[in-house]
Amino acid sequence: MNDSIERKRGAILSYVSIIISTIVQLLYTPLLIRMLGQSEYGLYSLVSSIIGYLTVLDLGFGNAIIVYTAKYREQKKYKEEQKLHGMFFAIFCIIGLIAGSLGLVLFFSSTSLFGDTMTNIELIKMKIMLLILSFNLAITFPFSIFSSIISAYEQFTFQKIMSILNTILKPLLMIPLLFLGYRSITMCIVITCANIFVLISNYIYCKKKIKLKIKFQGFDKKLFITIFSYSFFICLGVIVDKINWSLDQFILGAVSGTIAVSVYAVASQLNQLFVNLSTAISSVLLPKMSKMVAKNASPDELTNEMIKVGRMQCFVIFLMVSGLVLFGKEFIMWWAGNNFEEAYYIALILIIPLSIPLIQNLGLSIMQAKNMHKFRAVLLVFIAILNIVVSIPLAKLYDGIGSAIGTSISLILGNIIIMNIYYYKKVKINIFKFWKEIVKLILPLIIPIIIILIVMNLYGYNSFINIIIYALLYTIIYTIIAYNFSMNNYEKKLVINTLKKLKLLRG
């Protein structure tokens, strides 16, 4: 019962975190662009993207720790759990050293990689930021085990609160420094300090609340091979995601320069928002899926769970996608500046096809719990190669839009077409039933789109205030139509109960 409450709180706090993160981005990003300048903002985005590649050194172990800890808890194998934690804490310490060393390699290689498109001052700043963020990553790996353990114990309330604090803390520290004249290098220092605060908090929580004791009890080769065979394919999937969502900025930095990177980075922020929205619910359900699989849940039970979560995600994702299409162009130009109009088209090219796998995100958790994620990982490696082959020439011809088209093609082929076939044939998810339920949900939601288009046609765009008014009006109409014509009884009850808990309704 407590786990169920934690999952619900975790999902609610995930959306609270996303709302706060969105507000922070809306206020903070345009300030960054104007204070740093388009070029330095692009440089900072590029360095962050490059360091992001090193996170694949996790090798999927963080995810594996969640799954195996949840299974050991379910089976009451506490000694095996302690042995697992001790062994992987040692492994993560080694990975942290490797990450730091690779950061040094990037430091010394940056001139040969980007010297043709950057000035000497930009290269110097890049090297300093690479050192700071490499150090950040090196200390993150050993402490990341505590975050995985907190997830496995389904202590989502604490975890999401720390995420919210981290989101708020960085701009609160950085904005005064920006006005004092500090720039991108100081940003990297602030990010590192905020991250250290979260890591230490996770450690203290594990020690005090979970009563965790990590002791290295030797290297269990058999256990390591079992877990590595599971996590290796998760790692492949992570690598593919990094290629799909970060490689474009790397390519643009090499062939077009920091201005093109800055435009793509704005679109990428919107893309990341959609990813966060999709995982707000599914991210807290991996332990539950692991327990269901351990209890031999039937394909029908897993299908129904996927439909239930998919529908809830669809309400939010469809609102965001339709809102982007309707209001995105004017909003981005106001938010980031007139030089960023192209970011709207990049965002559309990326986000519209992305919305389909995002609605199905729980399917990945089901596959991981059933240890069936190998196929997706191998498939997406080939899709990522296709992405590289297509994106490089398209980037040379059409800059960010070309890169986005390459990514979108690979996304449609791999994550949508082939993966839906695999869900149906191998995972035994009734994908026809799933999409039937989603289509039934979406059809009434065409009505608010038609209404707002008529209103916008009649009154037009006169100012940014119009955009805000139209967006609010659209959200209100959307919510009314969704509640009355799209939601089933379970979803309506969930909304009512949530509003009561938030004290927005009486009774």
# chains A, B, ... in the order shown; residues from 1 in each chain; ligands from 1

$ residues_around --residues "Leu36 of chain A" --least-positions-apart "4" --cutoff "12 Å" --atoms "only C-alpha atoms" --output "list of chain:residue names"
A:Tyr28, A:Thr29, A:Pro30, A:Leu31, A:Leu32, A:Glu40, A:Tyr41, A:Gly42, A:Leu43, A:Tyr44, A:Ser45, A:Ile175, A:Leu177, A:Leu178, A:Phe179, A:Gly181, A:Tyr182, A:Arg183, A:Ser184, A:Ile185, A:Thr186, A:Met187, A:Ser262

$ write_last_selection --atoms "N, CA and C atoms" --output "JSON list (two decimals), in the first residue's frame"
[["chain", "number", "residue", "atom", "x", "y", "z"],
["A", 28, "TYR", "N", 14.46, 31.57, -17.59],
["A", 28, "TYR", "CA", 15.91, 31.52, -17.48],
["A", 28, "TYR", "C", 16.60, 31.46, -18.84],
["A", 29, "THR", "N", 16.05, 30.65, -19.77],
["A", 29, "THR", "CA", 16.71, 30.46, -21.06],
["A", 29, "THR", "C", 16.85, 31.74, -21.86],
["A", 30, "PRO", "N", 15.76, 32.54, -22.03],
["A", 30, "PRO", "CA", 15.95, 33.79, -22.78],
["A", 30, "PRO", "C", 16.95, 34.74, -22.12],
["A", 31, "LEU", "N", 16.99, 34.71, -20.77],
["A", 31, "LEU", "CA", 17.98, 35.53, -20.07],
["A", 31, "LEU", "C", 19.40, 35.04, -20.39],
["A", 32, "LEU", "N", 19.57, 33.72, -20.38],
["A", 32, "LEU", "CA", 20.88, 33.15, -20.72],
["A", 32, "LEU", "C", 21.31, 33.54, -22.13],
["A", 40, "GLU", "N", 27.97, 32.15, -27.47],
["A", 40, "GLU", "CA", 28.44, 31.49, -26.24],
["A", 40, "GLU", "C", 27.39, 30.54, -25.68],
["A", 41, "TYR", "N", 26.11, 30.87, -25.88],
["A", 41, "TYR", "CA", 25.05, 29.94, -25.49],
["A", 41, "TYR", "C", 25.17, 28.65, -26.29],
["A", 42, "GLY", "N", 25.46, 28.78, -27.59],
["A", 42, "GLY", "CA", 25.67, 27.60, -28.43],
["A", 42, "GLY", "C", 26.87, 26.80, -27.97],
["A", 43, "LEU", "N", 27.94, 27.51, -27.56],
["A", 43, "LEU", "CA", 29.15, 26.85, -27.08],
["A", 43, "LEU", "C", 28.87, 26.05, -25.80],
["A", 44, "TYR", "N", 28.15, 26.67, -24.86],
["A", 44, "TYR", "CA", 27.78, 25.98, -23.62],
["A", 44, "TYR", "C", 26.92, 24.75, -23.91],
["A", 45, "SER", "N", 25.96, 24.90, -24.82],
["A", 45, "SER", "CA", 25.08, 23.78, -25.19],
["A", 45, "SER", "C", 25.89, 22.64, -25.81],
["A", 175, "ILE", "N", 21.67, 33.50, -11.68],
["A", 175, "ILE", "CA", 21.16, 34.78, -12.20],
["A", 175, "ILE", "C", 21.91, 35.99, -11.61],
["A", 177, "LEU", "N", 24.92, 36.05, -10.57],
["A", 177, "LEU", "CA", 26.29, 35.99, -11.13],
["A", 177, "LEU", "C", 26.31, 36.48, -12.58],
["A", 178, "LEU", "N", 25.23, 36.19, -13.33],
["A", 178, "LEU", "CA", 25.15, 36.69, -14.71],
["A", 178, "LEU", "C", 25.16, 38.21, -14.74],
["A", 179, "PHE", "N", 24.42, 38.82, -13.83],
["A", 179, "PHE", "CA", 24.37, 40.28, -13.79],
["A", 179, "PHE", "C", 25.68, 40.89, -13.29],
["A", 181, "GLY", "N", 28.44, 39.74, -14.37],
["A", 181, "GLY", "CA", 29.36, 39.62, -15.49],
["A", 181, "GLY", "C", 29.94, 38.23, -15.71],
["A", 182, "TYR", "N", 29.55, 37.28, -14.86],
["A", 182, "TYR", "CA", 30.06, 35.91, -15.02],
["A", 182, "TYR", "C", 29.29, 35.21, -16.13],
["A", 183, "ARG", "N", 29.92, 34.25, -16.81],
["A", 183, "ARG", "CA", 29.33, 33.67, -18.00],
["A", 183, "ARG", "C", 29.34, 32.13, -17.93],
["A", 184, "SER", "N", 29.58, 31.48, -19.05],
["A", 184, "SER", "CA", 29.36, 30.03, -19.20],
["A", 184, "SER", "C", 30.23, 29.19, -18.27],
["A", 185, "ILE", "N", 31.46, 29.61, -18.04],
["A", 185, "ILE", "CA", 32.36, 28.82, -17.17],
["A", 185, "ILE", "C", 31.79, 28.78, -15.75],
["A", 186, "THR", "N", 31.32, 29.92, -15.28],
["A", 186, "THR", "CA", 30.71, 29.98, -13.94],
["A", 186, "THR", "C", 29.46, 29.11, -13.87],
["A", 187, "MET", "N", 28.71, 29.07, -14.97],
["A", 187, "MET", "CA", 27.52, 28.20, -15.03],
["A", 187, "MET", "C", 27.89, 26.76, -14.75],
["A", 262, "SER", "N", 23.24, 26.81, -31.29],
["A", 262, "SER", "CA", 22.35, 27.52, -30.37],
["A", 262, "SER", "C", 20.89, 27.40, -30.81]]

$ residues_around --residues "segment 412-421 of chain A" --least-positions-apart "3" --cutoff "8 Å" --atoms "only C-alpha atoms" --output "VMD selection string"
chain A and resid 353 356 to 357 376 379 to 380 383 408 to 409 424 to 425 431

$ write_last_selection --atoms "N, CA and C atoms" --output "PDB file, in the first residue's frame"
ATOM      1  N   PRO A 353       6.871  13.020 -34.460  1.00  0.00           N
ATOM      2  CA  PRO A 353       7.048  11.556 -34.454  1.00  0.00           C
ATOM      3  C   PRO A 353       7.444  11.011 -33.086  1.00  0.00           C
ATOM      4  N   ILE A 356       4.741   9.507 -30.442  1.00  0.00           N
ATOM      5  CA  ILE A 356       4.193   8.140 -30.488  1.00  0.00           C
ATOM      6  C   ILE A 356       4.932   7.204 -29.541  1.00  0.00           C
ATOM      7  N   PRO A 357       6.268   7.064 -29.617  1.00  0.00           N
ATOM      8  CA  PRO A 357       6.937   6.204 -28.628  1.00  0.00           C
ATOM      9  C   PRO A 357       6.828   6.731 -27.206  1.00  0.00           C
ATOM     10  N   ARG A 376      15.529  -4.367 -29.030  1.00  0.00           N
ATOM     11  CA  ARG A 376      15.423  -2.924 -29.260  1.00  0.00           C
ATOM     12  C   ARG A 376      16.800  -2.286 -29.296  1.00  0.00           C
ATOM     13  N   LEU A 379      18.576  -3.263 -32.567  1.00  0.00           N
ATOM     14  CA  LEU A 379      17.885  -2.602 -33.675  1.00  0.00           C
ATOM     15  C   LEU A 379      18.262  -1.128 -33.751  1.00  0.00           C
ATOM     16  N   LEU A 380      18.231  -0.453 -32.600  1.00  0.00           N
ATOM     17  CA  LEU A 380      18.445   0.988 -32.603  1.00  0.00           C
ATOM     18  C   LEU A 380      19.898   1.365 -32.865  1.00  0.00           C
ATOM     19  N   ILE A 383      19.769   1.705 -36.468  1.00  0.00           N
ATOM     20  CA  ILE A 383      19.010   2.907 -36.777  1.00  0.00           C
ATOM     21  C   ILE A 383      19.867   4.153 -36.515  1.00  0.00           C
ATOM     22  N   SER A 408      14.590  12.292 -37.347  1.00  0.00           N
ATOM     23  CA  SER A 408      13.179  11.938 -37.427  1.00  0.00           C
ATOM     24  C   SER A 408      12.961  10.674 -38.257  1.00  0.00           C
ATOM     25  N   ILE A 409      13.692  10.545 -39.367  1.00  0.00           N
ATOM     26  CA  ILE A 409      13.576   9.345 -40.214  1.00  0.00           C
ATOM     27  C   ILE A 409      13.931   8.092 -39.414  1.00  0.00           C
ATOM     28  N   TYR A 424       3.948  -6.432 -30.373  1.00  0.00           N
ATOM     29  CA  TYR A 424       2.823  -7.321 -30.675  1.00  0.00           C
ATOM     30  C   TYR A 424       3.265  -8.771 -30.817  1.00  0.00           C
ATOM     31  N   LYS A 425       4.347  -8.995 -31.576  1.00  0.00           N
ATOM     32  CA  LYS A 425       4.766 -10.354 -31.906  1.00  0.00           C
ATOM     33  C   LYS A 425       5.484 -11.062 -30.761  1.00  0.00           C
ATOM     34  N   ILE A 431      -1.159  -4.669 -29.173  1.00  0.00           N
ATOM     35  CA  ILE A 431      -0.895  -3.312 -29.637  1.00  0.00           C
ATOM     36  C   ILE A 431      -2.092  -2.723 -30.369  1.00  0.00           C
TER      37      ILE A 431
END

$ atom_distance --atom1 "atom CA of Gly60 of chain A" --atom2 "atom CA of Phe232 of chain A"
6.2 Å

$ closest_residue --among "A:Ser49, A:Leu252, A:Ser14, A:Ile451" --to "Leu397 of chain A" --atoms "only C-alpha atoms"
A:Leu252

$ closest_residue --among "A:Leu364, A:Leu131, A:Ala265, A:Ser48" --to "Val105 of chain A" --atoms "only C-alpha atoms"
A:Leu131

$ decode --residues "segment 484-498 of chain A" --atoms "N, CA and C atoms" --output "PDB file, in the first residue's frame"
ATOM      1  N   ASN A 484     -14.968  15.371 -20.192  1.00  0.00           N
ATOM      2  CA  ASN A 484     -16.348  14.966 -20.492  1.00  0.00           C
ATOM      3  C   ASN A 484     -16.471  13.924 -21.596  1.00  0.00           C
ATOM      4  N   PHE A 485     -15.522  13.906 -22.541  1.00  0.00           N
ATOM      5  CA  PHE A 485     -15.699  13.037 -23.705  1.00  0.00           C
ATOM      6  C   PHE A 485     -14.567  12.032 -23.944  1.00  0.00           C
ATOM      7  N   SER A 486     -13.403  12.238 -23.304  1.00  0.00           N
ATOM      8  CA  SER A 486     -12.280  11.330 -23.548  1.00  0.00           C
ATOM      9  C   SER A 486     -11.959  10.426 -22.366  1.00  0.00           C
ATOM     10  N   MET A 487     -12.109  10.943 -21.147  1.00  0.00           N
ATOM     11  CA  MET A 487     -11.696  10.192 -19.967  1.00  0.00           C
ATOM     12  C   MET A 487     -12.694   9.098 -19.614  1.00  0.00           C
ATOM     13  N   ASN A 488     -12.151   7.953 -19.162  1.00  0.00           N
ATOM     14  CA  ASN A 488     -13.009   6.898 -18.633  1.00  0.00           C
ATOM     15  C   ASN A 488     -13.226   7.131 -17.136  1.00  0.00           C
ATOM     16  N   ASN A 489     -14.003   6.260 -16.503  1.00  0.00           N
ATOM     17  CA  ASN A 489     -14.354   6.464 -15.089  1.00  0.00           C
ATOM     18  C   ASN A 489     -13.128   6.460 -14.179  1.00  0.00           C
ATOM     19  N   TYR A 490     -12.169   5.561 -14.474  1.00  0.00           N
ATOM     20  CA  TYR A 490     -10.952   5.487 -13.661  1.00  0.00           C
ATOM     21  C   TYR A 490     -10.189   6.813 -13.723  1.00  0.00           C
ATOM     22  N   GLU A 491     -10.061   7.369 -14.930  1.00  0.00           N
ATOM     23  CA  GLU A 491      -9.311   8.613 -15.116  1.00  0.00           C
ATOM     24  C   GLU A 491     -10.016   9.801 -14.468  1.00  0.00           C
ATOM     25  N   LYS A 492     -11.345   9.831 -14.573  1.00  0.00           N
ATOM     26  CA  LYS A 492     -12.104  10.897 -13.925  1.00  0.00           C
ATOM     27  C   LYS A 492     -11.951  10.832 -12.407  1.00  0.00           C
ATOM     28  N   LYS A 493     -12.007   9.624 -11.878  1.00  0.00           N
ATOM     29  CA  LYS A 493     -11.848   9.443 -10.427  1.00  0.00           C
ATOM     30  C   LYS A 493     -10.455   9.874  -9.982  1.00  0.00           C
ATOM     31  N   LEU A 494      -9.454   9.570 -10.804  1.00  0.00           N
ATOM     32  CA  LEU A 494      -8.072   9.948 -10.500  1.00  0.00           C
ATOM     33  C   LEU A 494      -7.931  11.468 -10.449  1.00  0.00           C
ATOM     34  N   VAL A 495      -8.567  12.155 -11.406  1.00  0.00           N
ATOM     35  CA  VAL A 495      -8.530  13.619 -11.439  1.00  0.00           C
ATOM     36  C   VAL A 495      -9.204  14.200 -10.198  1.00  0.00           C
ATOM     37  N   ILE A 496     -10.394  13.683  -9.874  1.00  0.00           N
ATOM     38  CA  ILE A 496     -11.149  14.192  -8.707  1.00  0.00           C
ATOM     39  C   ILE A 496     -10.353  13.978  -7.431  1.00  0.00           C
ATOM     40  N   ASN A 497      -9.808  12.782  -7.246  1.00  0.00           N
ATOM     41  CA  ASN A 497      -9.045  12.480  -6.030  1.00  0.00           C
ATOM     42  C   ASN A 497      -7.801  13.353  -5.910  1.00  0.00           C
ATOM     43  N   THR A 498      -7.140  13.575  -7.038  1.00  0.00           N
ATOM     44  CA  THR A 498      -5.940  14.419  -7.034  1.00  0.00           C
ATOM     45  C   THR A 498      -6.290  15.848  -6.646  1.00  0.00           C
TER      46      THR A 498
END
